[in-house]
file structure-v6.cif (mmCIF, C-alpha atoms and all ligand atoms)
data_entry
#
loop_
_atom_site.label_atom_id
_atom_site.label_comp_id
_atom_site.auth_asym_id
_atom_site.auth_seq_id
_atom_site.Cartn_x
_atom_site.Cartn_y
_atom_site.Cartn_z
CA MET G 1 -33.27 67.43 12.46
CA LEU G 2 -36.36 69.58 12.08
CA ASN G 3 -38.43 68.73 9.03
CA THR G 4 -41.70 69.83 7.48
CA SER G 5 -43.80 67.59 9.74
CA ASN G 6 -41.96 68.41 12.93
CA ASP G 7 -43.40 67.91 16.39
CA ASN G 8 -41.46 70.88 17.71
CA ILE G 9 -43.72 73.35 15.94
CA VAL G 10 -45.66 75.08 18.70
CA GLN G 11 -49.40 75.24 18.10
CA THR G 12 -50.67 78.79 18.40
CA THR G 13 -53.46 78.94 20.96
CA THR G 14 -53.53 82.70 21.42
CA LYS G 15 -52.78 85.16 18.68
CA PHE G 16 -49.14 86.08 18.91
CA PRO G 17 -47.82 88.64 16.44
CA TYR G 18 -46.07 87.28 13.37
CA ARG G 19 -44.62 90.53 12.11
CA PHE G 20 -41.45 91.94 13.67
CA GLU G 21 -42.95 95.41 13.35
CA ASP G 22 -45.88 94.32 15.55
CA LEU G 23 -43.55 92.78 18.14
CA GLU G 24 -41.68 96.06 18.33
CA ARG G 25 -44.86 98.16 18.46
CA ILE G 26 -46.53 96.09 21.18
CA ALA G 27 -43.30 95.90 23.23
CA LYS G 28 -43.17 99.68 23.06
CA HIS G 29 -46.59 99.89 24.71
CA THR G 30 -45.73 97.15 27.23
CA LEU G 31 -42.42 98.43 28.56
CA ALA G 32 -41.51 101.60 30.41
CA GLU G 33 -40.33 104.25 27.93
CA ASN G 34 -36.70 104.24 29.09
CA VAL G 35 -36.48 100.43 29.06
CA PHE G 36 -37.95 100.13 25.55
CA SER G 37 -35.69 102.90 24.40
CA TYR G 38 -32.59 101.13 25.78
CA ILE G 39 -33.47 98.00 23.81
CA TYR G 40 -34.59 99.74 20.63
CA SER G 41 -32.04 102.47 20.25
CA GLY G 42 -28.60 102.68 18.69
CA ALA G 43 -25.49 104.82 18.98
CA SER G 44 -25.33 108.51 17.98
CA ALA G 45 -27.67 109.35 15.08
CA GLU G 46 -28.67 105.67 14.72
CA ASN G 47 -27.81 105.56 11.03
CA THR G 48 -26.10 102.19 11.33
CA LEU G 49 -29.01 100.81 13.33
CA GLN G 50 -31.41 101.80 10.54
CA LYS G 51 -29.12 100.58 7.77
CA ASN G 52 -28.62 97.18 9.42
CA ASN G 53 -32.27 96.53 8.69
CA SER G 54 -32.81 98.38 5.42
CA THR G 55 -29.70 96.95 3.73
CA PHE G 56 -31.16 93.43 3.87
CA HIS G 57 -33.71 94.59 1.29
CA LYS G 58 -30.93 95.38 -1.15
CA TYR G 59 -29.93 91.70 -1.36
CA ASN G 60 -32.19 89.62 -3.55
CA MET G 61 -32.14 85.84 -3.83
CA ILE G 62 -32.83 84.05 -7.08
CA PRO G 63 -34.88 80.93 -6.35
CA ARG G 64 -34.51 77.61 -8.17
CA LEU G 65 -37.66 75.76 -9.11
CA LEU G 66 -38.91 72.21 -9.73
CA ARG G 67 -36.52 70.67 -7.27
CA ASP G 68 -37.65 68.09 -4.73
CA VAL G 69 -37.95 70.09 -1.51
CA SER G 70 -40.21 67.68 0.35
CA LYS G 71 -37.56 67.00 3.02
CA ILE G 72 -35.82 69.98 4.53
CA ASP G 73 -32.81 69.50 6.75
CA MET G 74 -31.95 72.73 8.58
CA SER G 75 -29.28 71.12 10.75
CA ILE G 76 -25.68 72.25 10.98
CA ASN G 77 -22.54 71.06 12.67
CA LEU G 78 -20.88 73.79 14.69
CA PHE G 79 -17.77 73.31 16.85
CA GLY G 80 -18.25 69.56 16.58
CA LYS G 81 -21.88 69.66 17.70
CA GLN G 82 -24.95 68.81 15.65
CA LEU G 83 -27.56 71.58 15.93
CA PRO G 84 -31.12 71.44 14.55
CA THR G 85 -30.99 74.83 12.86
CA PRO G 86 -28.40 77.57 12.20
CA LEU G 87 -30.23 79.84 14.67
CA ILE G 88 -28.72 81.00 17.96
CA LEU G 89 -29.92 83.46 20.60
CA ALA G 90 -27.62 86.49 20.79
CA PRO G 91 -26.25 87.54 24.18
CA VAL G 92 -28.52 90.18 25.68
CA GLY G 93 -27.87 91.61 29.14
CA VAL G 94 -30.23 92.81 31.89
CA LEU G 95 -33.18 90.77 30.63
CA LYS G 96 -34.92 90.96 33.99
CA MET G 97 -35.91 94.52 33.22
CA VAL G 98 -38.06 93.10 30.42
CA ASN G 99 -39.54 90.14 32.30
CA GLU G 100 -39.08 88.89 35.86
CA MET G 101 -37.86 85.48 34.61
CA GLY G 102 -35.40 87.08 32.14
CA ASP G 103 -32.70 84.68 30.93
CA LEU G 104 -34.46 81.71 32.56
CA ALA G 105 -37.58 82.26 30.43
CA VAL G 106 -35.51 82.68 27.26
CA VAL G 107 -33.26 79.67 27.81
CA LYS G 108 -36.27 77.44 28.51
CA ALA G 109 -38.06 78.65 25.37
CA ALA G 110 -34.90 77.99 23.35
CA GLU G 111 -34.68 74.49 24.86
CA THR G 112 -37.92 73.54 23.05
CA PHE G 113 -36.01 73.75 19.77
CA ASN G 114 -32.56 72.90 21.15
CA LEU G 115 -31.24 76.32 20.08
CA PRO G 116 -28.00 77.52 21.72
CA PHE G 117 -28.40 80.32 24.25
CA ILE G 118 -25.57 82.78 24.83
CA GLN G 119 -25.57 84.15 28.37
CA SER G 120 -24.35 87.73 28.75
CA THR G 121 -21.74 88.80 31.30
CA VAL G 122 -24.34 91.31 32.53
CA SER G 123 -27.01 88.66 32.85
CA SER G 124 -29.77 88.92 35.45
CA PHE G 125 -29.01 85.42 36.75
CA SER G 126 -25.91 83.48 37.69
CA ILE G 127 -24.20 81.04 35.34
CA GLU G 128 -25.22 78.19 37.62
CA GLU G 129 -28.91 79.21 37.67
CA VAL G 130 -29.06 79.43 33.88
CA SER G 131 -27.16 76.19 33.42
CA GLN G 132 -29.63 74.32 35.61
CA ALA G 133 -32.70 75.77 33.96
CA SER G 134 -32.48 73.82 30.70
CA SER G 135 -30.53 71.24 28.73
CA ASN G 136 -29.94 73.04 25.41
CA PRO G 137 -26.40 74.16 24.51
CA LYS G 138 -25.15 77.26 26.32
CA TRP G 139 -22.30 79.56 25.47
CA PHE G 140 -20.90 82.28 27.70
CA GLN G 141 -20.45 85.85 26.44
CA LEU G 142 -17.46 87.44 28.08
CA TYR G 143 -16.94 91.13 28.73
CA TRP G 144 -13.27 91.17 29.60
CA SER G 145 -12.69 92.52 33.08
CA LYS G 146 -9.54 94.49 33.79
CA ASN G 147 -9.33 92.38 36.96
CA LEU G 148 -7.97 89.12 35.52
CA ASP G 149 -9.16 87.08 38.50
CA VAL G 150 -12.70 88.19 37.68
CA THR G 151 -12.31 87.44 33.96
CA PHE G 152 -10.96 83.96 34.44
CA ASN G 153 -13.29 83.21 37.32
CA MET G 154 -16.25 83.75 34.97
CA VAL G 155 -14.62 81.59 32.30
CA ASN G 156 -13.97 78.81 34.81
CA ARG G 157 -17.50 78.93 36.12
CA ALA G 158 -18.87 78.67 32.58
CA GLU G 159 -16.60 75.72 31.91
CA GLN G 160 -17.60 74.01 35.17
CA ALA G 161 -21.27 74.54 34.37
CA GLY G 162 -20.90 72.74 31.03
CA TYR G 163 -21.01 75.77 28.74
CA GLU G 164 -19.72 74.92 25.28
CA ALA G 165 -18.05 78.10 24.03
CA ILE G 166 -16.74 81.48 25.14
CA VAL G 167 -17.94 84.43 23.08
CA LEU G 168 -15.60 87.35 23.70
CA THR G 169 -17.28 90.61 22.70
CA ILE G 170 -14.58 92.92 21.36
CA ASP G 171 -16.62 95.90 20.14
CA THR G 172 -17.61 97.15 23.62
CA VAL G 173 -14.33 98.22 25.20
CA THR G 174 -16.32 101.25 26.25
CA LEU G 175 -20.06 101.77 25.98
CA GLY G 176 -21.29 103.48 22.79
CA TRP G 177 -22.57 107.07 22.70
CA ARG G 178 -26.22 106.23 23.24
CA GLU G 179 -28.06 109.53 23.08
CA SER G 180 -31.41 108.06 23.93
CA ASP G 181 -30.11 106.53 27.19
CA LEU G 182 -28.24 109.74 27.98
CA HIS G 183 -31.46 111.68 27.39
CA HIS G 184 -33.37 109.42 29.79
CA GLY G 185 -30.51 109.40 32.31
CA PHE G 186 -30.77 105.65 31.97
CA SER G 187 -28.14 103.15 33.01
CA PRO G 188 -29.12 99.54 32.31
CA LEU G 189 -27.30 98.42 35.42
CA ALA G 190 -28.80 100.94 37.83
CA ASN G 191 -31.82 98.80 38.67
CA GLY G 192 -29.62 95.90 39.74
CA TYR G 193 -30.64 93.60 36.88
CA GLY G 194 -27.21 93.13 35.33
CA GLN G 195 -25.26 91.63 38.21
CA GLY G 196 -26.56 88.05 38.33
CA ILE G 197 -23.12 86.66 37.64
CA TRP G 198 -21.09 89.26 39.45
CA GLU G 199 -22.95 89.22 42.77
CA SER G 200 -21.83 85.64 43.36
CA ASP G 201 -18.30 86.24 42.04
CA THR G 202 -16.02 86.23 45.05
CA ALA G 203 -13.05 87.72 43.13
CA PHE G 204 -15.22 90.63 42.06
CA LEU G 205 -16.89 91.14 45.43
CA SER G 206 -13.60 91.23 47.28
CA SER G 207 -12.35 93.95 44.91
CA LEU G 208 -15.16 96.30 46.02
CA ARG G 209 -14.55 98.94 48.64
CA ASP G 210 -17.96 98.25 50.17
CA GLY G 211 -20.66 95.75 49.35
CA SER G 212 -23.43 98.20 48.46
CA GLN G 213 -25.46 98.01 45.26
CA ASN G 214 -23.91 101.27 44.04
CA ALA G 215 -20.40 100.00 44.63
CA MET G 216 -21.28 96.86 42.71
CA ILE G 217 -22.68 98.79 39.74
CA GLU G 218 -19.71 101.11 39.65
CA GLY G 219 -17.43 98.09 39.94
CA ILE G 220 -19.05 96.39 36.93
CA ILE G 221 -18.95 99.51 34.77
CA ASP G 222 -15.34 100.13 35.76
CA ASN G 223 -14.37 96.53 35.09
CA ILE G 224 -15.85 96.26 31.60
CA ASN G 225 -14.63 99.67 30.46
CA PHE G 226 -11.37 98.32 29.12
CA PRO G 227 -10.07 100.20 26.06
CA SER G 228 -6.69 98.51 26.35
CA LEU G 229 -8.11 95.11 25.37
CA GLN G 230 -5.98 93.82 22.49
CA TRP G 231 -4.96 90.73 20.53
CA GLN G 232 -2.47 89.66 23.18
CA HIS G 233 -5.37 89.09 25.59
CA ILE G 234 -6.66 86.38 23.24
CA VAL G 235 -3.41 84.51 23.85
CA GLU G 236 -4.07 84.74 27.61
CA LEU G 237 -7.62 83.53 27.21
CA LYS G 238 -6.53 80.58 25.08
CA LYS G 239 -4.20 79.47 27.87
CA ARG G 240 -7.07 79.54 30.39
CA THR G 241 -9.75 77.56 28.58
CA HIS G 242 -10.09 74.68 26.20
CA LEU G 243 -13.54 75.80 25.13
CA PRO G 244 -13.85 77.21 21.61
CA ILE G 245 -13.27 80.97 21.59
CA ILE G 246 -15.50 83.06 19.34
CA LEU G 247 -14.84 86.75 18.76
CA LYS G 248 -17.98 88.88 18.48
CA GLY G 249 -17.89 92.21 16.67
CA ILE G 250 -15.61 91.65 13.67
CA LEU G 251 -16.30 93.91 10.66
CA HIS G 252 -12.97 94.23 8.83
CA PRO G 253 -11.54 91.32 6.78
CA ASP G 254 -8.07 92.09 8.17
CA ASP G 255 -9.36 91.65 11.73
CA ALA G 256 -10.92 88.37 10.60
CA LEU G 257 -7.48 87.31 9.36
CA LEU G 258 -5.89 88.37 12.65
CA ALA G 259 -8.49 86.31 14.47
CA LEU G 260 -7.36 83.32 12.41
CA GLN G 261 -3.74 84.12 13.13
CA TYR G 262 -4.41 84.25 16.88
CA GLY G 263 -6.08 80.86 16.70
CA VAL G 264 -9.66 81.68 17.62
CA ASP G 265 -12.26 79.07 16.77
CA GLY G 266 -14.96 81.26 15.25
CA ILE G 267 -16.02 84.84 14.65
CA ILE G 268 -19.27 86.75 14.70
CA VAL G 269 -19.66 89.45 12.09
CA SER G 270 -21.60 92.04 14.07
CA ASN G 271 -21.89 95.75 14.73
CA HIS G 272 -23.68 95.08 18.01
CA GLY G 273 -27.03 95.99 16.46
CA GLY G 274 -25.81 99.53 15.77
CA ARG G 275 -25.57 100.17 19.51
CA GLN G 276 -21.85 100.80 19.77
CA LEU G 277 -20.50 102.90 16.89
CA ASP G 278 -22.60 104.79 14.38
CA GLY G 279 -21.59 105.60 10.82
CA ILE G 280 -20.09 102.18 10.25
CA ILE G 281 -20.79 99.45 7.76
CA PRO G 282 -24.09 97.58 8.10
CA SER G 283 -23.18 94.07 9.26
CA ILE G 284 -24.64 92.36 6.21
CA ASN G 285 -22.41 94.40 3.90
CA ALA G 286 -19.34 93.33 5.89
CA LEU G 287 -20.17 89.64 5.64
CA PRO G 288 -19.15 88.66 2.07
CA ALA G 289 -15.57 90.01 2.28
CA ILE G 290 -15.04 88.37 5.66
CA VAL G 291 -16.38 85.03 4.43
CA LYS G 292 -13.97 85.31 1.51
CA ALA G 293 -11.03 86.13 3.80
CA ILE G 294 -11.78 83.27 6.21
CA ASP G 295 -12.30 80.86 3.31
CA GLY G 296 -13.97 78.15 5.39
CA LYS G 297 -11.11 77.83 7.92
CA ILE G 298 -13.34 78.62 10.94
CA PRO G 299 -17.08 79.22 11.28
CA VAL G 300 -18.34 82.71 10.48
CA LEU G 301 -21.47 83.65 12.41
CA PHE G 302 -23.56 86.74 11.81
CA ASP G 303 -25.81 89.18 13.66
CA SER G 304 -27.33 92.68 13.50
CA GLY G 305 -30.56 93.12 11.62
CA ILE G 306 -32.01 89.59 11.57
CA ARG G 307 -35.74 90.13 11.89
CA ARG G 308 -37.33 87.18 10.09
CA GLY G 309 -36.49 83.86 8.44
CA ASN G 310 -35.94 85.56 5.11
CA ASP G 311 -33.10 87.67 6.58
CA ALA G 312 -31.49 84.60 8.14
CA LEU G 313 -31.53 82.77 4.81
CA LYS G 314 -29.96 85.76 3.05
CA ALA G 315 -27.13 85.86 5.61
CA ILE G 316 -26.51 82.16 5.02
CA ALA G 317 -26.61 82.65 1.26
CA LEU G 318 -23.94 85.31 1.77
CA GLY G 319 -21.77 82.77 3.57
CA ALA G 320 -22.70 82.82 7.28
CA ASP G 321 -22.58 79.43 9.00
CA ALA G 322 -25.14 80.47 11.61
CA VAL G 323 -27.04 83.60 12.64
CA LEU G 324 -27.80 85.22 15.97
CA ILE G 325 -31.22 86.63 16.72
CA GLY G 326 -31.30 89.67 19.05
CA ARG G 327 -34.00 92.30 19.51
CA PRO G 328 -36.93 90.22 18.16
CA PHE G 329 -36.69 87.69 21.01
CA VAL G 330 -36.35 90.50 23.56
CA TYR G 331 -39.61 92.08 22.33
CA SER G 332 -41.27 88.65 22.40
CA LEU G 333 -40.15 88.23 26.01
CA ALA G 334 -41.65 91.59 26.86
CA ILE G 335 -44.97 90.70 25.27
CA GLY G 336 -45.44 87.10 26.29
CA GLY G 337 -42.69 85.95 28.66
CA GLU G 338 -41.35 82.42 28.14
CA GLU G 339 -44.34 81.40 26.02
CA GLY G 340 -43.95 84.54 23.91
CA VAL G 341 -40.33 83.67 23.11
CA ARG G 342 -41.37 80.08 22.34
CA GLN G 343 -44.05 81.28 19.93
CA PHE G 344 -41.68 83.70 18.28
CA LEU G 345 -39.00 81.03 17.79
CA SER G 346 -41.54 78.57 16.46
CA ASN G 347 -42.74 81.15 13.94
CA PHE G 348 -39.18 82.08 13.01
CA ILE G 349 -38.17 78.47 12.36
CA GLN G 350 -41.27 77.84 10.24
CA ASP G 351 -40.63 81.06 8.33
CA PHE G 352 -37.01 80.06 7.73
CA GLN G 353 -38.05 76.61 6.55
CA THR G 354 -40.68 78.05 4.21
CA ASN G 355 -38.01 80.31 2.72
CA MET G 356 -35.73 77.31 2.15
CA ILE G 357 -38.50 75.39 0.37
CA LEU G 358 -39.37 78.31 -1.88
CA THR G 359 -35.78 79.06 -2.84
CA GLY G 360 -35.38 75.38 -3.77
CA VAL G 361 -32.84 74.28 -1.18
CA CYS G 362 -33.01 71.24 1.12
CA SER G 363 -30.01 71.79 3.37
CA ILE G 364 -27.87 74.57 4.79
CA LYS G 365 -25.07 73.47 2.47
CA GLU G 366 -27.40 74.10 -0.47
CA ALA G 367 -28.62 77.37 1.10
CA LYS G 368 -25.05 78.65 0.93
CA GLU G 369 -25.21 78.18 -2.84
CA ILE G 370 -28.33 80.34 -3.28
CA HIS G 371 -27.60 82.90 -5.93
CA ILE G 372 -27.92 86.36 -4.41
CA VAL G 373 -27.55 89.70 -6.14
CA ARG G 374 -27.18 93.18 -4.74
CA GLU G 375 -29.22 96.07 -6.10
C1 LIG O 401 -30.91 95.20 24.97
C2 LIG O 401 -29.66 94.62 24.38
C3 LIG O 401 -28.66 94.17 25.23
C4 LIG O 401 -27.50 93.60 24.69
N1 LIG O 401 -26.55 93.10 25.54
C5 LIG O 401 -25.44 92.51 25.02
C6 LIG O 401 -24.47 91.93 25.88
O1 LIG O 401 -24.62 91.92 27.09
N2 LIG O 401 -23.38 91.40 25.31
C7 LIG O 401 -23.16 91.40 23.95
O2 LIG O 401 -22.13 90.91 23.47
N3 LIG O 401 -24.09 91.92 23.11
C8 LIG O 401 -25.22 92.46 23.61
N4 LIG O 401 -26.17 92.97 22.78
C9 LIG O 401 -25.96 92.88 21.30
C10 LIG O 401 -26.56 91.59 20.73
O3 LIG O 401 -25.84 90.47 21.16
C11 LIG O 401 -26.56 91.60 19.20
O4 LIG O 401 -25.25 91.84 18.73
C12 LIG O 401 -27.49 92.67 18.63
O5 LIG O 401 -28.72 92.66 19.35
C13 LIG O 401 -27.78 92.38 17.17
O6 LIG O 401 -28.59 93.37 16.62
P1 LIG O 401 -30.18 93.14 16.36
O7 LIG O 401 -30.78 92.81 17.67
O8 LIG O 401 -30.65 94.45 15.84
O9 LIG O 401 -30.31 92.03 15.37
C14 LIG O 401 -27.33 93.52 23.28
C15 LIG O 401 -28.35 93.96 22.44
C16 LIG O 401 -29.51 94.50 22.97
C17 LIG O 401 -30.61 94.94 22.04
C1 LIG O 402 -22.43 99.29 31.45
C2 LIG O 402 -23.58 98.46 30.99
C3 LIG O 402 -23.18 97.53 29.97
C4 LIG O 402 -24.37 96.85 29.36
C5 LIG O 402 -23.91 96.21 28.16
C6 LIG O 402 -24.99 95.46 27.49
C7 LIG O 402 -24.81 95.63 26.04
O1 LIG O 402 -23.92 95.04 25.46
C8 LIG O 402 -25.67 96.53 25.30
O2 LIG O 402 -25.54 96.60 24.07
O3 LIG O 402 -26.50 97.23 25.92
#

call {"tool": "encode", "arguments": {"input": "structure-v6.cif", "output": "structure tokens", "more": "lines below"}}
Ligand SMILES: Cc1cc2nc3c(=O)[nH]c(=O)nc-3n(C[C@H](O)[C@H](O)[C@H](O)COP(=O)(O)O)c2cc1C
Ligand SMILES: CCCCCCC(=O)C(=O)O
result
Amino acid sequence: MLNTSNDNIVQTTTKFPYRFEDLERIAKHTLAENVFSYIYSGASAENTLQKNNSTFHKYNMIPRLLRDVSKIDMSINLFGKQLPTPLILAPVGVLKMVNEMGDLAVVKAAETFNLPFIQSTVSSFSIEEVSQASSNPKWFQLYWSKNLDVTFNMVNRAEQAGYEAIVLTIDTVTLGWRESDLHHGFSPLANGYGQGIWESDTAFLSSLRDGSQNAMIEGIIDNINFPSLQWQHIVELKKRTHLPIILKGILHPDDALLALQYGVDGIIVSNHGGRQLDGIIPSINALPAIVKAIDGKIPVLFDSGIRRGNDALKAIALGADAVLIGRPFVYSLAIGGEEGVRQFLSNFIQDFQTNMILTGVCSIKEAKEIHIVRE
């Protein structure tokens, strides 16, 4: 449990930006233009990307006063595990292009607060390297490969390494129309930073015609371009693992109900940070109807647009059981490496806690009862 006098709060020795807008601005000056643009940008005209953020401002909480908020318990129980806060690090691929230590820096920073880290299929490091780097909970994000040996090999490796859940991303059966990356001629895999898992995957390597870097990149792109992924594959996955299966990318209440029907253990309401399909519902607007449809039967997680503690609390007030943080930790990594991510997370947790105190809630259960109105 983290409380108001917690030892985990990192003391700021150097001035690290507090505002998300500053993180973004400084990262822009720190990173190569095409790398920053890959992280920052969204699909097509980027309307959904913009709305993910601006829509949060349309939801307004109504605080309760004169309640005893001297002890704040931010902990939750998720998939049978006690976690100190409802905050989780979203899966983000190719992190080495931002910082040499990539995933290893992020997972170690997250360990300070015992936050779960979700390792991407296109991670810069292997599952085994990440698993050994820290002791906090780890989940594995799966991009389904059309080569089933490759898919289940990754799942097995995650299981062997002690990962605690499989997050199957279902909104990326082909890569979104990312005009900014097309403009820069930029492929996130081209620099070799997204093959940490695959380069030690014997099933994948043996499927390549030759062992060159280009063949490997083409192989990865080919493998994760899989528009024929469908509900039946969930049945296959369930047979292959006893880890909880979480579907990432649900936006329609009927898909949430199908997820229930197919026996998944959790869902993530997400539009992939506006990076996949433009002109779709901002994630936060999709959340209430999905929470209603799921009706507490499985955990509903949320991402896309979480920038500060205030946003996280709003998502919880709208019914999310936990929230995933994405771009803000990537910018922090760019600016300050492992220590930058640690500072950012420390600030975020304090911000979240301050917001709980001032809305008059002591626990996440109470936070779910916060009255929230939409403009
Ligand atoms: C640079 C970058 C890489 C990402 N890579 C992955 C990935 O490998 N797998 C995945 O499921 N989602 C990936 N995502 C999406 C995030 O998990 C998350 O859904 C998104 O960042 C949420 O939006 P936000 O960062 O604007 O809050 C990536 C996002 C970014 C910004
Ligand atoms: C073919 C490269 C796939 C990278 C996928 C990473 C990701 O999900 C993203 O949003 O970017």

call {"tool": "closest_residue", "arguments": {"input": "structure-v6.cif", "among": "G:Gly336, G:Gly305, G:Gly102, G:Gly249", "to": "Gln276 (chain G)", "atoms": "all atoms listed in the file"}}
result
G:Gly249

call {"tool": "residues_near_ligand", "arguments": {"input": "structure-v6.cif", "ligand": "ligand LIG 402 (chain O)", "cutoff": "7 Å", "atoms": "only C-alpha atoms and all ligand atoms", "output": "PyMOL selection string"}}
result
chain G and resi 92-93+122+172+175+187-189+221+272+275

call {"tool": "closest_residue", "arguments": {"input": "structure-v6.cif", "among": "G:Asn153, G:Asn60, G:Asn34, G:Gln213", "to": "Lys314 (chain G)", "atoms": "all atoms listed in the file"}}
result
G:Asn60

call {"tool": "closest_atom_pairs", "arguments": {"input": "structure-v6.cif", "of": "chain G", "to": "ligand LIG 401 (chain O)", "cutoff": "8 Å", "atoms": "all atoms listed in the file", "output": "tab-separated table"}}
result
residue	atom	partner	partner_atom	distance
G:Tyr38	CA	O:LIG401	C1	6.2
G:Ile39	CA	O:LIG401	C1	4.0
G:Tyr40	CA	O:LIG401	C17	6.4
G:Ser41	CA	O:LIG401	C17	7.9
G:Leu49	CA	O:LIG401	O8	7.0
G:Asn52	CA	O:LIG401	O8	7.3
G:Asn53	CA	O:LIG401	O8	7.6
G:Ala90	CA	O:LIG401	O3	4.4
G:Pro91	CA	O:LIG401	O3	4.2
G:Val92	CA	O:LIG401	N1	3.5
G:Gly93	CA	O:LIG401	O1	3.9
G:Val94	CA	O:LIG401	C3	7.0
G:Leu95	CA	O:LIG401	C1	7.5
G:Gln119	CA	O:LIG401	O1	7.9
G:Ser120	CA	O:LIG401	O1	4.5
G:Thr121	CA	O:LIG401	O1	6.0
G:Val122	CA	O:LIG401	O1	5.5
G:Ser123	CA	O:LIG401	O1	7.0
G:Gln141	CA	O:LIG401	O2	6.1
G:Leu142	CA	O:LIG401	O2	7.4
G:Tyr143	CA	O:LIG401	N2	7.3
G:Val167	CA	O:LIG401	O2	7.7
G:Leu168	CA	O:LIG401	O2	7.4
G:Thr169	CA	O:LIG401	O2	4.9
G:Thr172	CA	O:LIG401	O2	7.7
G:Lys248	CA	O:LIG401	O2	6.8
G:Gly249	CA	O:LIG401	O4	7.7
G:Ser270	CA	O:LIG401	O4	5.9
G:Asn271	CA	O:LIG401	O4	6.5
G:His272	CA	O:LIG401	O4	3.7
G:Gly273	CA	O:LIG401	O6	3.1
G:Gly274	CA	O:LIG401	O6	6.8
G:Arg275	CA	O:LIG401	C15	7.4
G:Asp303	CA	O:LIG401	C13	5.1
G:Ser304	CA	O:LIG401	O6	3.4
G:Gly305	CA	O:LIG401	O9	3.9
G:Ile306	CA	O:LIG401	O9	4.8
G:Arg307	CA	O:LIG401	O9	6.7
G:Leu324	CA	O:LIG401	C11	7.3
G:Ile325	CA	O:LIG401	O9	5.6
G:Gly326	CA	O:LIG401	O7	3.5
G:Arg327	CA	O:LIG401	O7	3.7
G:Pro328	CA	O:LIG401	O7	6.7
G:Val330	CA	O:LIG401	C1	7.3

call {"tool": "residues_around", "arguments": {"input": "structure-v6.cif", "residues": "Asn225 (chain G)", "least_positions_apart": "6", "cutoff": "12 Å", "atoms": "only C-alpha atoms", "output": "list of chain:residue names"}}
result
G:Tyr143, G:Trp144, G:Ser145, G:Lys146, G:Asn147, G:Ile170, G:Asp171, G:Thr172, G:Val173, G:Thr174, G:Leu175, G:Gly176, G:Glu218, G:Gly219

call {"tool": "residues_around", "arguments": {"input": "structure-v6.cif", "residues": "region 340-344 of chain G", "least_positions_apart": "4", "cutoff": "12 Å", "atoms": "all atoms listed in the file", "output": "ChimeraX atom specification"}}
result
/G:8-20,22-23,27,89,99,101-115,307-309,325-336,348-351

call {"tool": "closest_residue", "arguments": {"input": "structure-v6.cif", "among": "G:Glu159, G:Asp311, G:Asp73, G:Asp181", "to": "Ile364 (chain G)", "atoms": "only C-alpha atoms"}}
result
G:Asp73

call {"tool": "atom_distance", "arguments": {"input": "structure-v6.cif", "atom1": "CA of Ser134 (chain G)", "atom2": "CA of Ala165 (chain G)"}}
result
16.5 Å

call {"tool": "atom_distance", "arguments": {"input": "structure-v6.cif", "atom1": "CA of Arg67 (chain G)", "atom2": "CA of Ile357 (chain G)"}}
result
9.2 Å

call {"tool": "residues_near_point", "arguments": {"input": "structure-v6.cif", "point": "(-31.8, 75.5, 15.2)", "cutoff": "10 Å", "atoms": "only C-alpha atoms", "output": "list in words"}}
result
Met1, Leu2, Met74, Ser75, Ile76, Gln82, Leu83, Pro84, Thr85, Pro86, Leu87, Ile88, Leu89, Ala110, Phe113, Asn114, Leu115, Pro116, Ala322, Val323, Leu345 and Ile349 of chain G

call {"tool": "residues_near_point", "arguments": {"input": "structure-v6.cif", "point": "(-13.1, 81.9, 28.9)", "cutoff": "12 Å", "atoms": "all atoms listed in the file", "output": "compact mmCIF listing (two decimals) with C-alpha atoms, in the frame of the given file"}}
result
# COMPACT_ATOMS: atom_id res chain seq x y z
CA THR G 121 -21.74 88.80 31.30
CA TRP G 139 -22.30 79.56 25.47
CA PHE G 140 -20.90 82.28 27.70
CA GLN G 141 -20.45 85.85 26.44
CA LEU G 142 -17.46 87.44 28.08
CA TYR G 143 -16.94 91.13 28.73
CA TRP G 144 -13.27 91.17 29.60
CA SER G 145 -12.69 92.52 33.08
CA LEU G 148 -7.97 89.12 35.52
CA ASP G 149 -9.16 87.08 38.50
CA VAL G 150 -12.70 88.19 37.68
CA THR G 151 -12.31 87.44 33.96
CA PHE G 152 -10.96 83.96 34.44
CA ASN G 153 -13.29 83.21 37.32
CA MET G 154 -16.25 83.75 34.97
CA VAL G 155 -14.62 81.59 32.30
CA ASN G 156 -13.97 78.81 34.81
CA ARG G 157 -17.50 78.93 36.12
CA ALA G 158 -18.87 78.67 32.58
CA GLU G 159 -16.60 75.72 31.91
CA GLN G 160 -17.60 74.01 35.17
CA TYR G 163 -21.01 75.77 28.74
CA GLU G 164 -19.72 74.92 25.28
CA ALA G 165 -18.05 78.10 24.03
CA ILE G 166 -16.74 81.48 25.14
CA VAL G 167 -17.94 84.43 23.08
CA LEU G 168 -15.60 87.35 23.70
CA THR G 169 -17.28 90.61 22.70
CA HIS G 233 -5.37 89.09 25.59
CA ILE G 234 -6.66 86.38 23.24
CA VAL G 235 -3.41 84.51 23.85
CA GLU G 236 -4.07 84.74 27.61
CA LEU G 237 -7.62 83.53 27.21
CA LYS G 238 -6.53 80.58 25.08
CA LYS G 239 -4.20 79.47 27.87
CA ARG G 240 -7.07 79.54 30.39
CA THR G 241 -9.75 77.56 28.58
CA HIS G 242 -10.09 74.68 26.20
CA LEU G 243 -13.54 75.80 25.13
CA PRO G 244 -13.85 77.21 21.61
CA ILE G 245 -13.27 80.97 21.59
CA ILE G 246 -15.50 83.06 19.34
CA LEU G 247 -14.84 86.75 18.76
CA VAL G 264 -9.66 81.68 17.62
